[in-house]
Each structure stands twice: as C-alpha cells, then as structure tokens.
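To be precise, the following lines are protein04.txt, and they hold compact mmCIF, C-alpha atoms and all ligand atoms.
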```
# COMPACT_ATOMS: atom_id res chain seq x y z
CA MET A 1 81.41 126.08 54.77
CA ASN A 2 78.79 123.78 56.29
CA VAL A 3 75.33 125.28 56.60
CA VAL A 4 71.79 124.08 57.20
CA HIS A 5 69.49 124.35 54.19
CA VAL A 6 65.70 124.32 54.32
CA GLN A 7 64.38 121.74 51.87
CA ASN A 8 60.73 121.97 50.87
CA PRO A 9 59.94 125.17 52.84
CA GLY A 10 56.41 124.99 54.24
CA ARG A 11 54.58 122.85 56.75
CA ASP A 12 56.62 119.70 55.94
CA TYR A 13 60.04 121.35 55.66
CA ARG A 14 63.23 119.32 56.11
CA LEU A 15 66.54 120.69 57.40
CA VAL A 16 69.62 119.20 55.68
CA LEU A 17 73.34 119.93 55.69
CA GLY A 18 74.62 121.84 52.67
CA GLN A 19 77.53 123.98 51.49
CA GLU A 20 77.73 127.74 50.94
CA PRO A 21 80.65 130.10 50.32
CA LYS A 22 82.13 131.60 53.48
CA PRO A 23 80.67 135.14 53.90
CA ALA A 24 82.86 138.25 54.14
CA PRO A 25 82.35 140.96 56.77
CA GLY A 26 81.39 144.39 55.40
CA PRO A 27 82.19 147.73 57.03
CA GLY A 28 81.23 147.71 60.71
CA GLN A 29 80.92 143.91 60.74
CA VAL A 30 82.97 140.95 61.95
CA LEU A 31 83.22 137.33 60.81
CA ILE A 32 82.62 134.76 63.54
CA SER A 33 83.77 131.14 63.49
CA VAL A 34 80.59 129.71 65.00
CA ALA A 35 80.78 127.43 68.05
CA ALA A 36 77.01 127.11 68.46
CA ALA A 37 73.78 128.64 67.23
CA GLY A 38 70.67 129.21 69.35
CA LEU A 39 67.26 128.09 68.11
CA ASN A 40 64.35 130.49 68.09
CA ASN A 41 60.70 130.02 67.34
CA ALA A 42 61.18 132.46 64.47
CA ASP A 43 63.48 129.88 62.80
CA LEU A 44 60.59 127.40 62.74
CA LEU A 45 58.28 130.06 61.32
CA GLN A 46 60.88 131.00 58.67
CA ALA A 47 61.33 127.35 57.63
CA ARG A 48 57.55 127.05 57.33
CA GLY A 49 57.61 130.06 55.00
CA HIS A 50 55.89 132.52 57.34
CA TYR A 51 58.70 134.81 58.49
CA PRO A 52 61.11 135.97 55.76
CA PRO A 53 64.42 137.50 56.91
CA PRO A 54 64.59 141.32 56.75
CA PRO A 55 66.00 142.87 53.52
CA GLY A 56 69.76 142.34 53.21
CA ALA A 57 69.92 139.58 55.84
CA SER A 58 71.27 136.09 55.12
CA PRO A 59 68.55 133.68 53.98
CA ILE A 60 70.19 130.98 56.15
CA LEU A 61 68.30 130.33 59.40
CA GLY A 62 69.73 131.40 62.74
CA MET A 63 69.42 134.65 64.72
CA GLU A 64 72.12 134.15 67.37
CA VAL A 65 75.50 132.47 67.72
CA SER A 66 78.50 132.12 69.96
CA GLY A 67 82.05 131.69 68.65
CA THR A 68 85.34 133.44 67.97
CA ILE A 69 86.04 136.51 65.86
CA VAL A 70 88.18 135.45 62.87
CA GLU A 71 88.07 138.61 60.72
CA LEU A 72 87.30 142.29 61.21
CA GLY A 73 85.57 144.38 58.53
CA ALA A 74 86.51 148.02 57.92
CA ASN A 75 85.82 150.56 60.67
CA VAL A 76 85.50 148.04 63.51
CA SER A 77 87.15 149.07 66.75
CA GLY A 78 87.18 147.61 70.24
CA TRP A 79 87.22 143.99 69.01
CA THR A 80 90.17 141.73 68.11
CA VAL A 81 90.58 138.53 66.12
CA GLY A 82 90.38 135.69 68.65
CA ASP A 83 87.84 137.36 70.97
CA PRO A 84 85.19 134.94 72.28
CA VAL A 85 81.82 136.52 71.52
CA CYS A 86 78.13 135.92 71.17
CA ALA A 87 76.02 137.87 68.73
CA LEU A 88 72.49 138.73 67.71
CA LEU A 89 72.07 138.22 63.95
CA PRO A 90 69.33 139.11 61.47
CA GLY A 91 70.03 135.64 59.96
CA GLY A 92 72.81 133.25 58.98
CA GLY A 93 73.52 131.52 62.31
CA TYR A 94 73.05 127.87 61.25
CA ALA A 95 76.48 127.89 59.61
CA GLN A 96 80.18 127.37 60.28
CA PHE A 97 80.84 131.10 59.82
CA ALA A 98 78.48 134.03 60.36
CA VAL A 99 78.71 137.78 59.81
CA ALA A 100 77.58 140.03 62.69
CA ASP A 101 77.29 143.79 63.12
CA ALA A 102 79.86 144.93 65.68
CA GLY A 103 77.04 146.67 67.56
CA SER A 104 75.28 143.34 68.11
CA LEU A 105 78.32 141.64 69.65
CA LEU A 106 78.76 140.81 73.33
CA PRO A 107 81.84 139.30 74.95
CA VAL A 108 81.70 135.80 76.46
CA PRO A 109 83.19 135.96 79.95
CA ASP A 110 85.25 133.05 81.34
CA THR A 111 82.37 132.22 83.69
CA ILE A 112 80.11 131.19 80.80
CA ASP A 113 80.60 128.10 78.65
CA ARG A 114 81.37 129.15 75.06
CA ILE A 115 78.77 126.82 73.57
CA GLU A 116 76.07 127.78 76.08
CA ALA A 117 76.67 131.48 75.36
CA ALA A 118 74.80 130.95 72.06
CA GLY A 119 71.62 130.92 74.16
CA LEU A 120 72.11 134.45 75.50
CA PRO A 121 71.72 137.14 72.80
CA GLU A 122 68.14 136.76 71.52
CA ALA A 123 66.69 136.25 74.99
CA ALA A 124 68.71 139.06 76.57
CA PHE A 125 67.96 141.64 73.84
CA THR A 126 64.27 140.67 73.66
CA ALA A 127 63.65 140.57 77.40
CA TRP A 128 65.48 143.82 78.06
CA THR A 129 64.03 146.00 75.33
CA ASN A 130 60.46 144.80 75.80
CA ILE A 131 60.40 144.92 79.59
CA MET A 132 62.58 147.99 80.16
CA ASP A 133 62.24 150.16 77.03
CA THR A 134 58.65 149.37 76.06
CA GLY A 135 57.36 148.14 79.44
CA ARG A 136 59.21 150.87 81.40
CA LEU A 137 59.65 148.58 84.43
CA ALA A 138 60.67 150.85 87.31
CA PRO A 139 62.54 149.99 90.50
CA GLY A 140 60.28 148.16 92.96
CA GLU A 141 57.68 147.24 90.33
CA SER A 142 56.39 143.70 89.80
CA LEU A 143 56.53 141.68 86.60
CA LEU A 144 54.56 138.77 85.10
CA ILE A 145 56.37 136.74 82.45
CA HIS A 146 54.28 134.23 80.50
CA GLY A 147 56.11 131.17 79.11
CA GLY A 148 58.56 131.25 82.02
CA THR A 149 60.60 128.25 80.88
CA SER A 150 60.83 129.31 77.24
CA GLY A 151 64.20 130.38 75.92
CA ILE A 152 63.18 134.01 76.45
CA GLY A 153 61.41 133.42 79.78
CA SER A 154 64.18 131.37 81.42
CA LEU A 155 66.67 134.22 81.00
CA ALA A 156 64.17 137.02 81.64
CA ILE A 157 63.20 135.58 85.04
CA GLN A 158 66.85 135.49 86.12
CA ILE A 159 67.59 139.01 84.87
CA PHE A 160 64.67 140.72 86.59
CA ALA A 161 64.86 138.67 89.79
CA ALA A 162 68.56 139.59 89.97
CA LEU A 163 67.62 143.27 89.59
CA GLY A 164 65.34 142.94 92.63
CA HIS A 165 61.90 142.72 91.01
CA THR A 166 59.15 140.37 92.16
CA VAL A 167 58.69 138.09 89.15
CA PHE A 168 55.55 136.02 88.60
CA THR A 169 55.49 133.53 85.77
CA THR A 170 53.28 130.97 84.03
CA ALA A 171 54.19 127.56 82.60
CA GLY A 172 52.33 124.46 81.47
CA SER A 173 53.45 121.80 83.99
CA ASP A 174 54.50 121.37 87.60
CA GLY A 175 58.02 120.41 86.46
CA LYS A 176 58.33 123.65 84.48
CA CYS A 177 57.02 125.64 87.47
CA THR A 178 59.64 124.07 89.75
CA ALA A 179 62.32 125.04 87.23
CA ALA A 180 60.98 128.60 87.01
CA ARG A 181 61.09 129.00 90.80
CA GLY A 182 64.69 127.75 90.72
CA LEU A 183 65.46 130.58 88.29
CA GLY A 184 64.16 133.16 90.74
CA ALA A 185 60.40 133.45 90.16
CA ALA A 186 58.59 134.44 93.36
CA ARG A 187 55.55 132.45 92.20
CA ALA A 188 55.28 130.11 89.22
CA ILE A 189 51.71 129.43 88.10
CA ASN A 190 50.82 126.17 86.37
CA TYR A 191 48.25 127.54 83.94
CA GLN A 192 46.80 124.05 83.43
CA LYS A 193 45.64 124.03 87.06
CA GLU A 194 45.47 127.64 88.22
CA ASP A 195 44.05 130.94 86.94
CA PHE A 196 46.98 133.35 86.67
CA VAL A 197 44.69 136.37 87.10
CA ALA A 198 43.42 135.13 90.48
CA VAL A 199 46.91 134.10 91.66
CA VAL A 200 48.53 137.38 90.69
CA LYS A 201 45.74 139.39 92.33
CA GLU A 202 46.08 137.35 95.53
CA GLU A 203 49.89 137.64 95.57
CA THR A 204 49.76 141.42 95.13
CA GLY A 205 46.99 142.11 97.66
CA GLY A 206 44.50 142.86 94.87
CA LYS A 207 46.72 145.46 93.15
CA GLY A 208 47.81 143.42 90.09
CA VAL A 209 51.18 143.47 88.29
CA ASP A 210 52.91 146.51 86.88
CA VAL A 211 54.37 144.96 83.70
CA ILE A 212 53.40 141.82 81.75
CA LEU A 213 55.52 140.18 79.05
CA ASP A 214 53.25 137.97 76.93
CA MET A 215 54.01 135.56 74.10
CA VAL A 216 50.65 133.76 74.19
CA GLY A 217 47.88 136.15 73.07
CA GLY A 218 44.35 134.82 72.43
CA ASP A 219 42.31 134.89 75.65
CA TYR A 220 45.43 136.06 77.52
CA VAL A 221 44.85 139.55 76.03
CA GLN A 222 41.74 140.05 78.17
CA ARG A 223 43.17 138.19 81.17
CA ASN A 224 46.34 140.28 81.10
CA ILE A 225 44.19 143.42 81.22
CA GLU A 226 42.48 141.98 84.32
CA ALA A 227 45.81 141.01 85.95
CA ALA A 228 47.45 144.40 85.36
CA ALA A 229 47.74 147.09 88.04
CA VAL A 230 46.55 150.67 87.50
CA TRP A 231 48.98 152.32 85.02
CA GLY A 232 50.19 148.80 84.06
CA ARG A 233 52.03 148.03 80.80
CA ILE A 234 51.38 144.87 78.77
CA VAL A 235 53.89 143.98 76.05
CA ASN A 236 53.32 141.20 73.52
CA ILE A 237 56.27 139.60 71.74
CA ALA A 238 54.22 136.84 70.10
CA TYR A 239 50.68 135.50 69.74
CA GLN A 240 51.33 131.76 69.97
CA LYS A 241 47.76 130.91 70.92
CA ALA A 242 46.00 133.43 68.66
CA SER A 243 46.48 136.92 67.27
CA LYS A 244 42.73 137.56 67.28
CA ALA A 245 40.67 138.05 70.43
CA GLU A 246 37.41 139.61 71.52
CA VAL A 247 38.42 142.21 74.09
CA ASN A 248 36.58 144.50 76.48
CA PHE A 249 38.78 147.60 76.39
CA ALA A 250 36.92 149.44 79.18
CA PRO A 251 39.43 148.43 81.90
CA VAL A 252 42.30 149.60 79.65
CA LEU A 253 40.75 153.04 79.91
CA THR A 254 39.80 153.00 83.58
CA LYS A 255 43.11 151.47 84.72
CA ARG A 256 45.08 153.72 82.35
CA LEU A 257 46.92 150.73 80.85
CA THR A 258 49.36 150.64 77.95
CA LEU A 259 49.11 147.78 75.44
CA ALA A 260 52.17 147.33 73.22
CA ALA A 261 53.81 144.79 70.94
CA THR A 262 57.22 144.85 69.27
CA THR A 263 59.64 142.82 67.15
CA LEU A 264 63.43 142.83 67.46
CA ARG A 265 64.71 141.36 64.19
CA GLY A 266 63.81 144.22 61.88
CA ARG A 267 65.31 146.97 64.07
CA THR A 268 68.26 148.94 62.72
CA PRO A 269 71.86 148.10 63.71
CA GLU A 270 71.95 151.39 65.67
CA GLN A 271 68.85 150.44 67.66
CA LYS A 272 70.36 147.02 68.44
CA ARG A 273 73.65 148.64 69.44
CA ALA A 274 71.81 150.82 71.99
CA ILE A 275 70.26 147.72 73.59
CA ARG A 276 73.63 145.93 73.50
CA ASP A 277 75.31 148.82 75.32
CA VAL A 278 72.82 148.66 78.19
CA LEU A 279 73.07 144.86 78.44
CA LEU A 280 76.85 145.16 78.61
CA ALA A 281 76.66 147.70 81.42
CA ARG A 282 73.82 146.24 83.49
CA ILE A 283 73.50 142.52 82.82
CA TRP A 284 76.89 141.23 81.64
CA PRO A 285 78.54 141.92 85.04
CA LEU A 286 75.99 139.52 86.59
CA LEU A 287 76.72 136.67 84.16
CA GLY A 288 78.07 133.52 85.73
CA SER A 289 76.94 134.49 89.24
CA ARG A 290 73.28 135.60 89.19
CA ILE A 291 72.48 134.89 85.53
CA LYS A 292 73.33 131.87 83.34
CA PRO A 293 71.97 130.56 80.06
CA VAL A 294 69.57 127.66 80.64
CA ILE A 295 70.26 124.99 78.03
CA ALA A 296 67.70 122.28 77.30
CA GLN A 297 69.84 120.39 74.79
CA ALA A 298 72.63 120.93 72.24
CA PHE A 299 72.41 119.02 68.94
CA PRO A 300 75.12 118.60 66.30
CA LEU A 301 74.51 120.90 63.29
CA ALA A 302 73.65 117.85 61.17
CA GLN A 303 70.71 117.13 63.52
CA ALA A 304 69.01 120.52 63.05
CA GLN A 305 65.80 118.74 62.03
CA LYS A 306 65.65 116.88 65.35
CA ALA A 307 66.36 120.10 67.22
CA HIS A 308 63.43 121.83 65.47
CA GLU A 309 61.15 118.87 66.24
CA LEU A 310 62.04 119.15 69.93
CA MET A 311 61.29 122.87 69.91
CA ALA A 312 57.95 122.37 68.15
CA LYS A 313 56.82 120.02 70.93
CA THR A 314 57.36 122.87 73.49
CA GLY A 315 58.33 120.45 76.28
CA HIS A 316 61.84 121.92 76.62
CA ILE A 317 63.10 124.15 79.44
CA GLY A 318 65.45 126.90 78.25
CA LYS A 319 67.35 127.13 74.99
CA ILE A 320 67.98 124.51 72.33
CA LEU A 321 71.33 124.83 70.55
CA LEU A 322 73.09 123.58 67.42
CA GLN A 323 76.75 122.81 67.98
CA MET A 324 79.40 122.97 65.25
CA PRO A 325 81.49 119.82 64.67
N1 LIG A 401 58.84 139.96 69.22
C1 LIG A 401 60.11 139.64 69.31
O1 LIG A 401 60.99 140.46 69.11
C2 LIG A 401 60.50 138.24 69.71
C3 LIG A 401 61.85 137.92 69.91
C4 LIG A 401 62.15 136.62 70.31
C5 LIG A 401 61.14 135.69 70.48
N2 LIG A 401 59.86 136.04 70.23
C6 LIG A 401 58.76 135.07 70.40
O2 LIG A 401 58.68 134.77 71.77
C7 LIG A 401 58.21 133.45 71.93
C8 LIG A 401 59.16 132.70 72.83
O3 LIG A 401 60.34 132.44 72.10
P1 LIG A 401 61.31 131.28 72.56
O4 LIG A 401 62.37 131.17 71.55
O5 LIG A 401 61.67 131.53 73.97
O6 LIG A 401 60.33 130.03 72.41
P2 LIG A 401 60.27 128.64 73.14
O7 LIG A 401 61.48 128.37 73.94
O8 LIG A 401 59.84 127.65 72.12
O9 LIG A 401 59.07 128.81 74.17
C9 LIG A 401 57.75 128.94 73.80
C10 LIG A 401 56.93 128.84 75.09
O10 LIG A 401 55.62 129.25 74.83
C11 LIG A 401 54.74 128.55 75.69
N3 LIG A 401 53.48 128.36 74.97
C12 LIG A 401 53.32 127.95 73.70
N4 LIG A 401 52.03 127.90 73.39
C13 LIG A 401 51.36 128.28 74.51
C14 LIG A 401 49.97 128.43 74.83
N5 LIG A 401 49.02 128.15 73.94
N6 LIG A 401 49.64 128.86 76.07
C15 LIG A 401 50.59 129.14 76.97
N7 LIG A 401 51.94 129.00 76.72
C16 LIG A 401 52.28 128.58 75.52
C17 LIG A 401 55.41 127.23 75.99
O11 LIG A 401 55.34 127.08 77.38
P3 LIG A 401 54.46 125.97 78.09
O12 LIG A 401 54.97 124.61 77.75
O13 LIG A 401 54.62 126.32 79.50
O14 LIG A 401 53.08 126.16 77.54
C18 LIG A 401 56.88 127.44 75.61
O15 LIG A 401 57.74 127.37 76.73
C19 LIG A 401 58.10 132.84 70.53
O16 LIG A 401 56.77 132.90 70.11
C20 LIG A 401 58.98 133.75 69.70
O17 LIG A 401 58.59 133.77 68.34
C21 LIG A 401 59.51 137.29 69.85
```
Would it be possible to restate this file's structure as structure tokens?
Amino acid sequence: MNVVHVQNPGRDYRLVLGQEPKPAPGPGQVLISVAAAGLNNADLLQARGHYPPPPGASPILGMEVSGTIVELGANVSGWTVGDPVCALLPGGGYAQFAVADAGSLLPVPDTIDRIEAAGLPEAAFTAWTNIMDTGRLAPGESLLIHGGTSGIGSLAIQIFAALGHTVFTTAGSDGKCTAARGLGAARAINYQKEDFVAVVKEETGGKGVDVILDMVGGDYVQRNIEAAAVWGRIVNIAYQKASKAEVNFAPVLTKRLTLAATTLRGRTPEQKRAIRDVLLARIWPLLGSRIKPVIAQAFPLAQAQKAHELMAKTGHIGKILLQMP
C-alpha cells in the first residue's frame, strides 16, 4: 500500500511516498480503507524526532483518518464492512489502509463530506476530554479557547457554542478573528492588538472565565491565571510558545484555581472508548447542522511535505488534510 515515509527525521525532514505491507486488524480492531488523513502538530513533532509513537503503535505518521471499513478483526461488534467511519489512531494514518481500535471509531453521517470527516476525531476527542473531563465545564459557565482557528480550536468553538456556553477565543490576525466569530465565538481577541486578560475581564464584568483551554504556554500561564474566575480551571494541551515560565502562584491559591495538562495519544483504548461514547451521544447528533469540520486545504498524499510546510507556517484556519488518490 502507499504510505508516507519520513526521510532524514529531524529538523530538515522530508516526507516521501513509499510502500509498506497492508496491515491486518487484530482482535477488537478494524481495517479502514483511508479516504483522507488529518494533519496534527504532533505529526510535525514526530517527523522532527521529538514525539515518538506510543509502544505498539504504527511508526507511520497520522493520528486520524476517515474512510470505509474493509475488514473486521475478531470480537468486533456493531460495525460492518462498508461502514463510512472516521477514527482516532495512535499512528498509521498517512497510508492507504489503517488499523483502528473499534472503540476509537465514529460513524460519518450523510451530512458530512467523507473526506472532510478526517478533520473531526483528534479535535473532537481533545476538545471534549480536556474541557469537559479535566476542565469540568458546567452548564452556564464561560470558556476561553486560545488558538481559536487551529484545528482543535475551530471545532471546539463550534461544539461549546452549540452547547450554549459563552466562548471567548484568541487568534493572531483580524481575518482569523472574523472566522472564529463565524464559528460561534462571542468575542474573538486578536492577541497582536489586544490583551486577552483585559478583554475577558471586561466581557465578564470583572469575574473572569470559568475554563481556559490553552495550547500556547509561556507568558500565557500567568495571564491565564489572571483571566480565570474564582474556582476556574486552566487546561494546557500544548506549550507552543514555551514550556517554562516564571509564575506567581499566589492567585492560584486565593482564587482556588486548578491548573492541569493532559495528552490524548498515550491513553488506553478503554479511555478513548469512553470519550468516543460521549461524543457519539452528545456531539454527533449536532454534526452537519450546528457543527462541521473546518477544512483549510486538502493535499494529495504525495504532497504531504507541502501540507506540513503549510501547517508549520500557522497561517491556516481549521484542519489540513491528506487525500488518498
Ligand atoms: N495534549 C493533547 O492531547 C493534544 C491533542 C491534540 C493537539 N494538541 C496540541 O494542540 C495544539 C493545536 O493543535 P492543532 O493541530 O489544532 O494545531 P494547528 O492547527 O497547527 O494550530 C496551532 C495554533 O496555535 C497558534 N499559535 C502557535 N503559536 C502561537 C503563539 N506563540 N502564540 C499564540 N498562538 C500561537 C496558532 O494560532 P495563531 O496564528 O492565531 O497564532 C495556530 O492556529 C498543538 O500544539 C498540538 O500539538 C495537543
């Protein structure tokens, strides 16, 4: 089968087409004929040699795909050959065929394009588990999502606006802020021009926000503490600016804040299945009407290098995909 290989892993890596044997699904797994694979920042890190796949996962890049089930492994029920699906993977997505745990599969409804569905799993799983499980966002509470037009942010805004929350977001240009408002953000803050702490305080009558999803880190660690409401929860999913910061923790104590950070990829299949079940019940019924994948661009598999270069520039809005021939 066609796959993408990483040549010269490291800072100057190159992505090239190669061949690998078609994988076989083990017990509890299915084989998917891949229609498209979603790009994630972790793929860039892995190609640079900084983020190895978890033990047992395919060394091929790619943590999410859409496609059609072509084979069922032992002990798989509830799925049939021919079902259109999208799936969260621990690896192996940049390929013609990919193996997925049945517990990480989600159906692709008729209202969603089968290629575009490749942009759903990673963002949906990440946004949900970090904001709801770790961030404990409660009905009526407000939310600040940094990186609002990122792959994760563009879906997260739609999900939590659709569930009735007031969503604030940050992005690095006026164009990105306009896009974020179109996705349902009550206020999109261009961090190049405005201080998100001051804006969020003003918008909430001085109270601050209840939950913050952050992928930036660095000086945002302190500023998030300032922007948070009493009993607020701040969840980091990345430290794109810096993972080191000088922080005054006194307001964490006085405001009774929770600071947390999690990763998704290394979680067990059972933990991913639990998130999948909630997404299926609460978010999948809203797909096509209130929530859609936002796709920046789809590249042919052979142009994976170009796709990575686009992602590295961070000018995109939404997800970047690789489409099978
Ligand atoms: N922990 C987990 O389980 C988990 C799971 C999935 C993803 N992630 C991480 O979450 C992040 C988002 O993933 P993605 O795939 O959605 O990435 P993406 O589409 O490439 O988006 C990254 C966003 O980060 C913003 N950004 C980058 N550097 C920034 C800075 N210095 N200050 C402010 N904003 C900055 C950019 O927005 P602007 O142009 O507006 O600056 C860009 O939209 C990545 O770092 C990824 O590794 C973590």
Got a sec to check which residues sit within 10 Å of (57.9, 133.3, 80.0), counting only C-alpha atoms, and write them as a count of residues only?
25
Taking (46.4, 140.7, 91.5) in the file's coordinates as the center, which residues reach within 12 Å of it, counting all atoms listed in the file, put as number ranges by chain?
A: 142-144, 168, 195-211, 223-230, 232
Give me, please, the distance in Å between atom C20 of ligand LIG 401 (chain A) and CA of Ala123 (chain A), quoted to one decimal.
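Here the two named atoms are 9.7 Å from each other.
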What's the separation between CA of Arg136 (chain A) and CA of Ile320 (chain A), in Å to one decimal place?
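We find that CA of Arg136 (chain A) and CA of Ile320 (chain A) lie 29.2 Å from each other.
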Using all atoms listed in the file, pick whichever of A:Ala261, A:Leu106, A:Leu286, A:Val76 has the shortest atom-to-atom distance to ligand LIG 401 (chain A).
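The closest residue to ligand LIG 401 (chain A) is A:Ala261.
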CA of Leu105 (chain A) sits from CA of Ala57 (chain A) at a separation of 16.3 Å
Judged by only C-alpha atoms, the minimum distance to Gly28 (chain A) among A:Leu72, A:Val4, A:Ala42, A:Ala138 is found for A:Leu72
Within 12 Å of Ala302 (chain A), counting all atoms listed in the file, which residues qualify if same-chain residues fewer than 4 places away don't, as a PyMOL selection string?
chain A and resi 2-5+14-18+94-96+298+306-308+321-325
